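Report on the structure given below.
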Amino acid sequence: MPVDDPGTGGRLADISSRPRKWGWLVLLTASTTLVCCVIPIVLVTLGFGAVVAALYGNLPFLTFMGLHKEWTFALTALILALAAWALFRPGRACPADPELARACESADKWNRRLFFASLALWGIGFFAAYFLLPLALWLDLM
């Protein structure tokens, strides 16, 4: 429902969709860690090395992200930290109007779900990029 948001200089704003855009952005950025690091590892492990070679040949940004995975993970961790601050900062409250409060609570619920899904994706990517090979070597699986 469009409402007159005083923080936007009187412009109409849809508060029920505005917070969700932030959540989807966080999910997208956390997914980059999967694209750069987890998917190639899984494909090579399953014997699809030619697929990985074709992906890296046709999508040069994958090579860049793989070579600079420290920066990729650092940047996505920073974005996740900013999202955590935005979601869990003190003094955050929904409007008193019942209809706006329902929309705000719904958006907040979806933002938290997307945040924790993004955090899980980032954790899987971090584990696969930095701990999977040393663990496999330590357990003598390779």
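Residues are referred to by chain and number: the chain letter is A, B, ... according to the order shown in the structure tokens, the number counts from 1 in that chain, and ligands are numbered separately from 1 in the order shown.
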
Write out as CSV the residues of range 53-117 of chain A that have any atom within 12 Å of an atom of range 33-43 of chain A, one row each with the nearest atom pair and its distance in Å to one decimal, counting only C-alpha atoms, sorted by chain and then rising number.
```
residue,atom,partner,partner_atom,distance
A:Ala53,CA,A:Pro40,CA,9.1
A:Ala54,CA,A:Pro40,CA,10.9
A:Leu55,CA,A:Pro40,CA,8.9
A:Tyr56,CA,A:Pro40,CA,9.2
A:Leu59,CA,A:Cys36,CA,10.8
A:Pro60,CA,A:Cys36,CA,11.0
A:Phe61,CA,A:Cys36,CA,8.8
A:Leu62,CA,A:Cys36,CA,5.7
A:Thr63,CA,A:Cys36,CA,7.9
A:Phe64,CA,A:Cys36,CA,8.8
A:Met65,CA,A:Cys36,CA,5.8
A:Gly66,CA,A:Cys36,CA,5.4
A:Leu67,CA,A:Cys36,CA,9.2
A:His68,CA,A:Cys36,CA,9.5
A:Lys69,CA,A:Cys36,CA,7.5
A:Glu70,CA,A:Thr33,CA,10.2
A:Trp71,CA,A:Thr33,CA,10.5
A:Thr72,CA,A:Thr33,CA,7.0
A:Phe73,CA,A:Thr33,CA,6.6
A:Ala74,CA,A:Thr33,CA,10.2
A:Leu75,CA,A:Thr33,CA,10.2
A:Thr76,CA,A:Thr33,CA,7.9
A:Ala77,CA,A:Thr33,CA,10.1
```

Could you give me, as a ChimeraX atom specification, each residue of range 2-141 of chain A that DSSP assigns to strand (DSSP E) when run on this structure's backbone? /A:2-4,12-14

Which residues, written as a ChimeraX atom specification, have at least one atom at most 9 Å from Leu119 in chain A, with only C-alpha atoms counted and residues fewer than 5 positions away on the same chain left out? /A:26-27,30,77,80,114,124

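In this comparison, which uses only C-alpha atoms, the residue of A:Phe115, A:Val52, A:Pro134, A:Asn58 approaching Leu25 in chain A most closely is A:Phe115.
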
Could you pull the residues within 12 Å of range 136-141 of chain A, counting only C-alpha atoms, minus those fewer than 6 positions along the same chain, as a list in words?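 Within the cut-off, the hits are Thr45, Phe127, Ala128 and Tyr130 of chain A.
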
Enumerate the residues of chain A with a DSSP assignment of helix (DSSP H, G or I), computed from the backbone, and present them as a ChimeraX atom specification. /A:6-8,18-45,49-58,60-67,69-88,98-130,132-138

So how many Å separate CA of Leu87 in chain A and CA of Arg112 in chain A, to one decimal?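 Interatomic distance, CA of Leu87 in chain A to CA of Arg112 in chain A: 7.2 Å.
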